[in-house]
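J.: Provided herewith: entry_19.txt, compact mmCIF, C-alpha atoms and all ligand atoms.
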# COMPACT_ATOMS: atom_id res chain seq x y z
CA MET L 2 72.45 29.97 -21.17
CA ASN L 3 75.73 28.41 -22.22
CA ILE L 4 78.26 29.92 -24.61
CA ARG L 5 76.90 27.90 -27.49
CA ASN L 6 73.42 29.27 -26.92
CA ILE L 7 74.73 32.80 -26.69
CA LEU L 8 76.62 32.25 -29.94
CA LEU L 9 73.52 30.92 -31.65
CA VAL L 10 71.37 33.80 -30.47
CA CYS L 11 74.03 36.32 -31.52
CA ALA L 12 74.35 34.64 -34.92
CA GLY L 13 70.57 34.75 -35.27
CA LEU L 14 70.48 38.42 -34.37
CA ALA L 15 73.31 39.18 -36.78
CA VAL L 16 71.50 37.39 -39.59
CA GLY L 17 68.37 39.31 -38.65
CA VAL L 18 70.13 42.65 -38.81
CA VAL L 19 71.65 41.79 -42.16
CA MET L 20 68.35 40.57 -43.56
CA ALA L 21 66.55 43.64 -42.33
CA GLN L 22 69.19 45.82 -44.00
CA PHE L 23 68.42 44.25 -47.33
CA ASN L 24 64.70 43.94 -46.89
CA ILE L 25 65.17 40.24 -47.37
CA PHE L 26 62.13 39.69 -45.25
CA PRO L 27 59.50 42.22 -44.34
CA VAL L 28 59.47 41.92 -40.56
CA SER L 29 56.40 44.08 -40.25
CA ALA L 30 54.43 41.99 -42.70
CA LEU L 31 54.57 38.87 -40.60
CA THR L 32 52.01 39.79 -38.04
CA THR L 33 49.03 38.59 -40.05
CA ALA L 34 47.74 35.22 -38.98
CA LEU L 35 48.29 32.82 -41.84
CA LYS L 36 45.42 30.72 -43.00
CA PRO L 37 46.83 27.38 -44.10
CA SER L 38 43.43 26.17 -45.26
CA GLY L 39 43.57 28.81 -47.99
CA SER L 40 46.70 27.42 -49.58
CA ALA L 41 46.41 24.66 -52.09
CA GLY L 42 47.87 21.28 -51.27
CA PRO L 43 49.39 18.83 -53.70
CA ALA L 44 47.11 18.38 -56.72
CA GLY L 45 43.76 17.03 -55.62
CA SER L 46 44.59 16.75 -51.96
CA ALA L 47 42.78 18.19 -48.97
CA PRO L 48 44.07 21.42 -47.41
CA ARG L 49 47.28 20.58 -45.70
CA PHE L 50 47.01 22.11 -42.29
CA THR L 51 43.80 21.46 -40.50
CA GLY L 52 44.72 22.85 -37.09
CA GLU L 53 44.10 26.38 -35.98
CA SER L 54 45.63 29.20 -37.99
CA VAL L 55 49.14 30.08 -37.00
CA ALA L 56 50.89 33.38 -36.74
CA ALA L 57 54.35 33.00 -38.21
CA GLN L 58 57.38 33.48 -36.05
CA GLU L 59 57.93 37.19 -36.33
CA ASP L 60 61.57 37.70 -35.68
CA GLN L 61 64.95 36.08 -35.69
CA SER L 62 64.84 34.95 -32.10
CA VAL L 63 65.24 31.28 -31.38
CA PRO L 64 62.30 30.11 -29.28
CA GLY L 65 62.83 26.82 -27.54
CA ASP L 66 65.96 25.78 -25.81
CA THR L 67 68.90 24.80 -27.96
CA SER L 68 72.02 23.01 -26.90
CA LYS L 69 75.39 22.36 -28.44
CA GLN L 70 75.26 21.99 -32.23
CA GLY L 71 72.01 23.93 -32.34
CA LEU L 72 69.89 20.90 -31.45
CA ILE L 73 66.66 21.65 -29.67
CA THR L 74 66.33 20.22 -26.18
CA GLU L 75 62.56 20.43 -25.75
CA PRO L 76 59.78 19.75 -28.27
CA LEU L 77 59.18 22.79 -30.44
CA LEU L 78 56.14 24.01 -32.36
CA TRP L 79 57.63 26.12 -35.15
CA LYS L 80 55.20 28.46 -36.85
CA SER L 81 56.70 28.84 -40.25
CA LYS L 82 56.22 31.89 -42.42
CA HIS L 83 57.44 30.23 -45.58
CA LEU L 84 55.51 27.02 -45.07
CA GLN L 85 52.45 28.88 -43.86
CA ALA L 86 51.89 26.16 -41.31
CA ALA L 87 53.29 24.93 -38.04
CA ILE L 88 55.58 21.95 -37.63
CA ASN L 89 56.35 19.91 -34.55
CA VAL L 90 60.08 19.44 -34.12
CA PRO L 91 61.24 16.67 -31.78
CA VAL L 92 64.12 16.93 -29.33
CA GLY L 93 67.58 16.40 -30.80
CA VAL L 94 66.87 18.02 -34.18
CA PHE L 95 68.63 21.10 -35.56
CA HIS L 96 66.57 24.22 -34.90
CA PRO L 97 64.53 25.21 -37.98
CA HIS L 98 65.11 28.97 -37.70
CA GLU L 99 68.18 28.92 -39.95
CA GLY L 100 66.40 27.16 -42.81
CA GLU L 101 63.38 29.41 -42.37
CA TRP L 102 65.28 32.66 -42.64
CA THR L 103 67.90 31.69 -45.21
CA MET L 104 66.58 29.02 -47.60
CA GLY L 105 62.95 30.06 -47.04
CA PRO L 106 63.20 33.43 -48.80
CA ILE L 107 65.42 32.23 -51.64
CA MET L 108 62.90 29.46 -52.33
CA LYS L 109 59.94 31.81 -52.13
CA ASN L 110 61.44 34.09 -54.74
CA ASN L 111 62.34 31.27 -57.08
CA THR L 112 59.29 29.04 -56.91
CA GLU L 113 59.66 28.13 -60.59
CA LEU L 114 62.64 26.03 -59.56
CA PHE L 115 60.33 23.69 -57.66
CA LYS L 116 57.03 23.41 -59.47
CA GLY L 117 56.62 19.86 -60.73
CA LYS L 118 60.31 19.14 -60.08
CA ARG L 119 62.28 16.39 -58.37
CA VAL L 120 64.03 17.80 -55.33
CA MET L 121 66.61 16.38 -52.94
CA GLU L 122 67.53 17.89 -49.60
CA ILE L 123 70.76 16.68 -48.00
CA GLY L 124 70.70 17.00 -44.19
CA THR L 125 67.07 17.89 -43.71
CA GLY L 126 66.98 18.42 -39.91
CA SER L 127 63.42 19.38 -39.02
CA GLY L 128 62.38 18.86 -42.64
CA LEU L 129 61.22 22.45 -43.02
CA ILE L 130 63.12 23.13 -46.26
CA SER L 131 61.82 19.93 -47.85
CA LEU L 132 58.28 20.79 -46.79
CA ILE L 133 58.62 24.27 -48.28
CA ALA L 134 59.79 22.67 -51.54
CA ALA L 135 56.63 20.55 -51.46
CA LYS L 136 54.54 23.63 -50.76
CA HIS L 137 56.07 25.27 -53.84
CA GLY L 138 54.79 22.38 -55.92
CA ALA L 139 57.67 19.89 -56.05
CA ALA L 140 56.55 16.60 -57.55
CA LYS L 141 58.87 14.61 -55.31
CA VAL L 142 61.22 15.50 -52.46
CA VAL L 143 63.80 13.09 -51.04
CA ALA L 144 65.08 14.31 -47.65
CA THR L 145 68.13 12.66 -46.08
CA ASP L 146 69.75 12.87 -42.67
CA ILE L 147 72.08 10.91 -40.40
CA ASN L 148 69.91 11.77 -37.40
CA PRO L 149 66.94 9.42 -36.77
CA ALA L 150 65.10 12.23 -34.92
CA ALA L 151 65.34 14.35 -38.08
CA ILE L 152 63.85 11.52 -40.13
CA GLU L 153 61.00 11.27 -37.61
CA SER L 154 60.47 15.03 -37.83
CA VAL L 155 60.21 15.25 -41.60
CA THR L 156 58.11 12.09 -41.87
CA THR L 157 55.51 13.01 -39.24
CA ASN L 158 55.23 16.62 -40.37
CA ALA L 159 54.91 15.65 -44.02
CA GLU L 160 52.10 13.26 -43.09
CA ALA L 161 50.36 15.83 -40.89
CA LEU L 162 50.47 18.51 -43.59
CA GLY L 163 49.29 16.29 -46.43
CA TYR L 164 52.68 15.92 -48.11
CA GLY L 165 53.18 12.30 -47.17
CA ASP L 166 53.08 11.23 -50.83
CA VAL L 167 55.52 13.93 -51.91
CA VAL L 168 58.21 14.02 -49.22
CA GLU L 169 60.20 10.87 -48.58
CA ALA L 170 62.71 10.76 -45.73
CA ARG L 171 65.74 8.47 -45.88
CA LEU L 172 68.12 7.75 -43.03
CA VAL L 173 71.84 7.81 -43.86
CA GLY L 174 73.77 5.16 -41.96
CA PRO L 175 77.14 5.57 -40.27
CA ASP L 176 79.00 3.31 -42.71
CA ASP L 177 78.58 5.60 -45.68
CA MET L 178 77.78 9.23 -44.94
CA SER L 179 78.42 10.48 -48.45
CA ALA L 180 75.76 12.65 -50.04
CA TYR L 181 74.07 10.06 -52.24
CA ALA L 182 74.54 7.02 -50.02
CA VAL L 183 70.77 6.38 -49.92
CA ILE L 184 70.06 7.46 -53.50
CA ASN L 185 69.62 4.83 -56.20
CA ASP L 186 72.11 4.82 -59.05
CA ASP L 187 69.51 5.95 -61.57
CA GLU L 188 67.84 8.63 -59.41
CA GLN L 189 68.20 12.21 -60.63
CA PHE L 190 67.01 15.53 -59.22
CA ASP L 191 66.26 18.88 -60.80
CA VAL L 192 67.10 20.70 -57.59
CA ILE L 193 69.48 19.71 -54.80
CA LEU L 194 69.33 21.78 -51.64
CA SER L 195 71.50 21.64 -48.57
CA ASN L 196 72.33 23.61 -45.47
CA PRO L 197 74.94 21.03 -44.50
CA PRO L 198 77.22 20.96 -41.47
CA PHE L 199 79.64 23.77 -42.22
CA ALA L 200 82.57 23.40 -39.83
CA LEU L 201 85.13 21.23 -41.59
CA ASP L 202 86.98 19.15 -39.01
CA LEU L 203 88.93 16.26 -40.43
CA ASP L 204 89.74 15.07 -36.91
CA ALA L 205 86.20 15.05 -35.47
CA PRO L 206 84.88 11.62 -34.40
CA GLY L 207 81.94 11.89 -36.80
CA ASN L 208 79.51 14.20 -38.53
CA ASP L 209 76.89 16.10 -36.57
CA ALA L 210 74.61 19.05 -37.27
CA VAL L 211 77.44 21.56 -37.61
CA THR L 212 80.56 19.44 -38.11
CA ASP L 213 81.60 17.61 -41.26
CA THR L 214 84.58 15.29 -41.14
CA GLY L 215 84.92 15.84 -44.86
CA GLU L 216 82.81 12.83 -45.80
CA LEU L 217 79.86 14.90 -46.95
CA GLY L 218 80.97 18.18 -48.60
CA PHE L 219 82.99 17.08 -51.63
CA SER L 220 80.72 14.09 -52.16
CA ILE L 221 77.80 16.45 -52.85
CA VAL L 222 79.64 17.85 -55.88
CA ARG L 223 81.25 14.57 -56.89
CA GLY L 224 77.84 12.92 -57.31
CA LEU L 225 76.29 15.67 -59.39
CA GLU L 226 77.33 14.15 -62.69
CA GLN L 227 75.17 11.14 -61.84
CA HIS L 228 72.37 12.68 -59.80
CA LEU L 229 71.81 16.25 -61.02
CA ALA L 230 69.40 16.27 -63.95
CA PRO L 231 70.28 18.29 -67.06
CA ASN L 232 69.75 22.02 -66.38
CA GLY L 233 69.57 21.23 -62.68
CA THR L 234 70.37 23.63 -59.87
CA VAL L 235 72.15 23.06 -56.57
CA ILE L 236 71.78 25.53 -53.72
CA LEU L 237 74.19 25.11 -50.82
CA LEU L 238 74.59 27.21 -47.71
CA TYR L 239 78.03 27.14 -46.11
CA ASP L 240 78.03 29.83 -43.50
CA SER L 241 81.72 29.54 -42.76
CA LEU L 242 84.26 31.23 -44.98
CA PHE L 243 86.81 28.44 -45.17
CA TYR L 244 84.50 25.57 -46.09
CA HIS L 245 82.44 27.85 -48.33
CA GLN L 246 85.52 28.79 -50.33
CA VAL L 247 86.76 25.22 -50.47
CA MET L 248 83.41 24.08 -51.89
CA VAL L 249 83.31 26.91 -54.44
CA LYS L 250 86.80 26.12 -55.68
CA TYR L 251 86.10 22.40 -55.80
CA ALA L 252 82.86 22.82 -57.77
CA LYS L 253 84.65 25.09 -60.26
CA TYR L 254 87.49 22.61 -60.52
CA MET L 255 84.91 19.91 -61.30
CA GLY L 256 83.74 22.03 -64.22
CA TYR L 257 80.49 23.51 -62.92
CA ASP L 258 79.01 26.95 -63.35
CA VAL L 259 79.29 28.32 -59.80
CA ARG L 260 77.92 31.52 -58.29
CA ASN L 261 78.60 32.35 -54.70
CA ASN L 262 78.37 35.08 -52.14
CA ASN L 263 80.93 34.82 -49.38
CA PRO L 264 79.69 34.52 -45.81
CA ASN L 265 80.00 37.65 -43.75
CA GLY L 266 81.89 36.04 -40.97
CA MET L 267 84.12 33.26 -39.82
CA TYR L 268 82.69 31.57 -36.76
CA GLY L 269 84.93 30.86 -33.80
CA TRP L 270 84.25 27.15 -33.77
CA ALA L 271 84.91 26.87 -37.50
CA ALA L 272 88.24 28.68 -37.05
CA GLU L 273 89.04 26.49 -34.05
CA SER L 274 88.66 23.23 -35.99
CA LEU L 275 90.75 24.61 -38.84
CA PHE L 276 93.53 25.78 -36.51
CA ASN L 277 93.56 22.48 -34.61
CA SER L 278 93.68 20.48 -37.80
CA TYR L 279 96.88 22.21 -38.91
CA LEU L 280 98.33 22.16 -35.42
CA LYS L 281 97.80 18.42 -35.17
CA ARG L 282 99.91 17.81 -38.24
CA LEU L 283 102.67 20.04 -36.88
CA LEU L 284 102.63 18.30 -33.50
CA GLU L 285 102.77 14.93 -35.19
CA SER L 286 105.76 15.89 -37.30
CA GLU L 287 107.51 17.44 -34.28
CA LYS L 288 106.64 14.46 -32.07
CA VAL L 289 104.93 16.67 -29.51
CA PRO L 290 102.04 14.97 -27.61
CA LEU L 291 98.81 15.80 -29.42
CA ASP L 292 97.10 17.00 -26.24
CA ALA L 293 100.01 19.26 -25.25
CA ILE L 294 98.58 22.34 -26.96
CA SER L 295 95.36 23.08 -28.78
CA PHE L 296 93.11 25.98 -29.72
CA ASN L 297 89.85 26.85 -28.02
CA TYR L 298 87.74 29.64 -29.45
CA HIS L 299 86.30 30.46 -26.03
CA THR L 300 89.66 31.15 -24.47
CA ASP L 301 92.08 31.97 -27.28
CA GLU L 302 91.71 35.60 -28.18
CA GLY L 303 91.33 36.17 -31.89
CA LEU L 304 89.40 33.02 -32.72
CA GLU L 305 86.02 34.42 -31.78
CA ILE L 306 83.66 35.27 -34.63
CA ARG L 307 85.36 37.44 -37.23
CA TYR L 308 83.29 39.72 -39.36
CA LEU L 309 84.84 39.87 -42.76
CA ARG L 310 83.14 43.07 -43.79
CA ASN L 311 80.96 45.63 -42.14
CA PHE L 312 78.00 44.36 -44.11
CA ALA L 313 75.34 45.46 -41.69
CA LEU L 314 76.80 48.93 -41.29
CA ASN L 315 77.19 49.98 -44.88
CA PRO L 316 75.57 47.58 -47.33
CA LYS L 317 75.91 50.03 -50.22
CA GLN L 318 79.67 49.55 -50.23
CA MET L 319 79.29 45.88 -50.95
CA LYS L 320 79.74 44.43 -54.38
CA TYR L 321 77.41 41.56 -55.15
CA GLN L 322 77.34 38.75 -57.58
CA PRO L 323 73.87 37.74 -58.73
CA LEU L 324 73.28 34.15 -57.77
CA PHE L 325 70.47 33.59 -60.25
CA ASP L 326 69.82 34.65 -63.85
CA PRO L 327 67.91 36.81 -64.21
CA PRO L 328 69.06 38.36 -60.93
CA SER L 329 66.51 37.73 -58.25
CA PRO L 330 66.09 39.65 -55.02
CA GLN L 331 67.97 36.80 -53.40
CA ARG L 332 71.34 37.70 -54.88
CA TYR L 333 72.39 39.27 -51.60
CA TYR L 334 72.46 36.21 -49.42
CA ALA L 335 75.76 35.60 -47.76
CA GLY L 336 77.07 32.06 -47.60
CA PHE L 337 75.10 30.70 -50.56
CA ILE L 338 76.60 28.73 -53.42
CA VAL L 339 74.61 28.01 -56.58
CA ILE L 340 75.97 25.28 -58.85
CA ARG L 341 74.60 24.49 -62.29
CA ASN L 342 75.48 21.93 -64.86
C1 LIG S 1 73.08 22.65 -40.25
S1 LIG S 1 71.92 21.32 -40.06
C2 LIG S 1 70.65 21.87 -41.18
C3 LIG S 1 69.32 21.22 -40.99
C4 LIG S 1 68.20 21.76 -41.89
N1 LIG S 1 68.48 21.51 -43.28
C5 LIG S 1 68.00 23.22 -41.63
O1 LIG S 1 68.46 24.06 -42.42
O2 LIG S 1 67.36 23.56 -40.62
C6 LIG S 1 72.73 20.01 -40.93
C7 LIG S 1 71.99 18.67 -40.94
O3 LIG S 1 72.76 17.74 -41.69
C8 LIG S 1 72.71 16.48 -41.05
N2 LIG S 1 73.89 15.72 -41.52
C9 LIG S 1 75.17 15.77 -41.08
N3 LIG S 1 75.93 14.94 -41.81
C10 LIG S 1 75.12 14.36 -42.75
C11 LIG S 1 75.33 13.40 -43.79
N4 LIG S 1 76.54 12.89 -44.02
N5 LIG S 1 74.27 13.06 -44.56
C12 LIG S 1 73.03 13.58 -44.32
N6 LIG S 1 72.79 14.47 -43.34
C13 LIG S 1 73.82 14.87 -42.56
C14 LIG S 1 72.67 16.81 -39.57
O4 LIG S 1 72.15 15.74 -38.80
C15 LIG S 1 71.77 18.05 -39.58
O5 LIG S 1 70.43 17.69 -39.44
Starting from the file, give its structure as structure tokens.
Ligand SMILES: C[S@@+](CC[C@H](N)C(=O)[O-])C[C@H]1O[C@@H](n2cnc3c(N)ncnc32)[C@H](O)[C@@H]1O
T.:
Amino acid sequence: MNIRNILLVCAGLAVGVVMAQFNIFPVSALTTALKPSGSAGPAGSAPRFTGESVAAQEDQSVPGDTSKQGLITEPLLWKSKHLQAAINVPVGVFHPHEGEWTMGPIMKNNTELFKGKRVMEIGTGSGLISLIAAKHGAAKVVATDINPAAIESVTTNAEALGYGDVVEARLVGPDDMSAYAVINDDEQFDVILSNPPFALDLDAPGNDAVTDTGELGFSIVRGLEQHLAPNGTVILLYDSLFYHQVMVKYAKYMGYDVRNNNPNGMYGWAAESLFNSYLKRLLESEKVPLDAISFNYHTDEGLEIRYLRNFALNPKQMKYQPLFDPPSPQRYYAGFIVIRN
């Protein structure tokens, strides 16, 4: 297991501990085998999942091998609690556990946001979040990604589960990676969801599952005037303090009603890209070779994951901001931003 894997597993465990603290998901309640045939499909359609019943993944562990950037390295059958069905995730796609255990619960407790609505998911990965939106009754879901394997994942799973007419996947090309690059000028959405890459690295060669060169983040907010329908809701998950705060401040600056709950930690790799970005400018101005010194979160003490508060140890000391009106049980999620127009 490489360092990245260890980091991912630790992050998963940390999220699990936090979620358990807040009863965000009832771990013990997940043992029942789910019966997909009992859940209604899109109006008039056949039951969505015709395979054998699946028992949902019961914990926060990350089955299947993952590599750098959280991409799975062998085909994965993910038994989803919130979708109440299993999806097949191809190699090279971001592991669905994060969407399952973060977006999944917030969607479940706010199903009225989705019923009959137009939904967009930016950076869909496996497609799980888009499929859950369809399960909650969305009329239409447009799911985008820069990764062709992600497009394959959402397309084939939507077809297999009977959501082929609801969920539409669109591949974002390398020439324009802004949020609405594949959205028509007159397209609007009632809900825009995204668990986008959350390490801001202006110097990275391109976007990937966890890194944003800056092309995507601000463009999500910039395009809301055109693409967020009146009374629409945007739910973003930036699990890195710096980019989270930047996005919150930018959305407020752009005049939106913004609710947010700071992430609990600053990940080493997010800190590393931030440190290096500043260092690069200093080296340039001092005419020091750019490769002379740099930061590495594996070897530079102090850059490893920083917990910003002892959330898991004493949740009662925390002060929370409700993310939805009326306050829903999901107000406690760390890293979420809700933007409304
Ligand atoms: C952190 S992963 C989240 C995937 C999925 N939504 C989930 O929660 O499991 C971020 C996803 O955004 C995609 N991505 C990165 N830059 C993008 C861009 N400019 N436009 C669309 N998708 C992008 C990545 O390929 C990756 O699948």
J.: Which residues, written as a PyMOL selection string, have at least one atom at most 8 Å from stretch 221-238 of chain L, with all atoms listed in the file counted and residues fewer than 3 positions away on the same chain left out?
T.: chain L and resi 179-181+186-197+217-218+245+251-252+255+336-342
J.: Dump as CSV the rows for residues of chain L within 6 Å of ligand LIG 1 (chain S): closest atom pair and distance in Å with one decimal, all atoms listed in the file counted, ordered by chain and rising residue number.
T.:
residue,atom,partner,partner_atom,distance
L:Phe95,CA,S:LIG1,O5,5.5
L:His96,CA,S:LIG1,O2,5.8
L:Pro97,CA,S:LIG1,O2,4.2
L:Glu99,CA,S:LIG1,O1,5.5
L:Gly100,CA,S:LIG1,O1,3.7
L:Ile123,CA,S:LIG1,C12,5.3
L:Gly124,CA,S:LIG1,O3,3.3
L:Thr125,CA,S:LIG1,N1,3.9
L:Gly126,CA,S:LIG1,O5,3.6
L:Ser127,CA,S:LIG1,O2,6.0
L:Thr145,CA,S:LIG1,C12,5.3
L:Asp146,CA,S:LIG1,N6,3.5
L:Ile147,CA,S:LIG1,N6,4.7
L:Asn148,CA,S:LIG1,O4,4.8
L:Val173,CA,S:LIG1,N5,5.8
L:Met178,CA,S:LIG1,N4,4.0
L:Ser179,CA,S:LIG1,N4,5.4
L:Ala180,CA,S:LIG1,N5,5.7
L:Asn196,CA,S:LIG1,N1,4.9
L:Pro197,CA,S:LIG1,C6,4.3
L:Pro198,CA,S:LIG1,C6,4.6
L:Asn208,CA,S:LIG1,N3,4.9
L:Asp209,CA,S:LIG1,C9,4.8
L:Ala210,CA,S:LIG1,C14,3.8
L:Val211,CA,S:LIG1,C1,5.2
L:Leu217,CA,S:LIG1,N4,4.9
J.: Record the distance separating atom CA of L:Gly215 and atom CA of L:Leu280, expressed in Å with one decimal.
T.: 17.6 Å
J.: Measure the distance from atom CA of L:Phe199 to atom CA of L:Met121 in Å and round it to one decimal.
T.: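 Straight-line distance from atom CA of L:Phe199 to atom CA of L:Met121 works out to 18.4 Å.
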J.: From the options L:Ala87, L:Asp258, L:Val155, L:Ala170, which residue's atoms come nearest to L:Asp326, counting all atoms listed in the file?
T.: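 Of all the options, L:Asp258 lies closest to L:Asp326.
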J.: Separation of atom CA of L:Tyr279 and atom CA of L:Asn263, in Å?
T.: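 Computing it gives 22.9 Å between the two atoms.
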J.: Set the distance at 6 Å and use only C-alpha atoms: which residues neighbour L:Ile306 once local chain neighbours fewer than 2 positions away are removed? I'd like the list as a PyMOL selection string.
T.: chain L and resi 267-269
J.: For L:Leu201, which of L:Thr214, L:Ser295, L:Val92, L:Gly138 is the closest residue, counting all atoms listed in the file?
T.: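 Closest to L:Leu201, using all atoms listed in the file: L:Thr214.
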J.: For a cut-off of 12 Å around (59.2, 12.1, -39.9), file coordinates, pick out all residues using all atoms listed in the file and list them as number ranges by chain.
T.: L: 88-91, 94, 125-129, 131-132, 144-146, 148-162, 164-165, 168-172
J.: Which residues come within 6 Å of L:Phe115, counting all atoms listed in the file, excluding same-chain residues fewer than 3 positions away, as a short mmCIF file (atom, residue, chain, number, x, y, z; two decimals) with C-alpha atoms, keeping the file's coordinate frame?
T.:
data_model
loop_
_atom_site.label_atom_id
_atom_site.label_comp_id
_atom_site.auth_asym_id
_atom_site.auth_seq_id
_atom_site.Cartn_x
_atom_site.Cartn_y
_atom_site.Cartn_z
CA THR L 112 59.29 29.04 -56.91
CA LYS L 118 60.31 19.14 -60.08
CA HIS L 137 56.07 25.27 -53.84
CA GLY L 138 54.79 22.38 -55.92
CA ALA L 139 57.67 19.89 -56.05
#
J.: Considering only C-alpha atoms, state which residue in the set L:Gly117, L:Asp177, L:Phe276, L:Leu84 is at the smallest distance from L:Ile133.
T.: L:Leu84
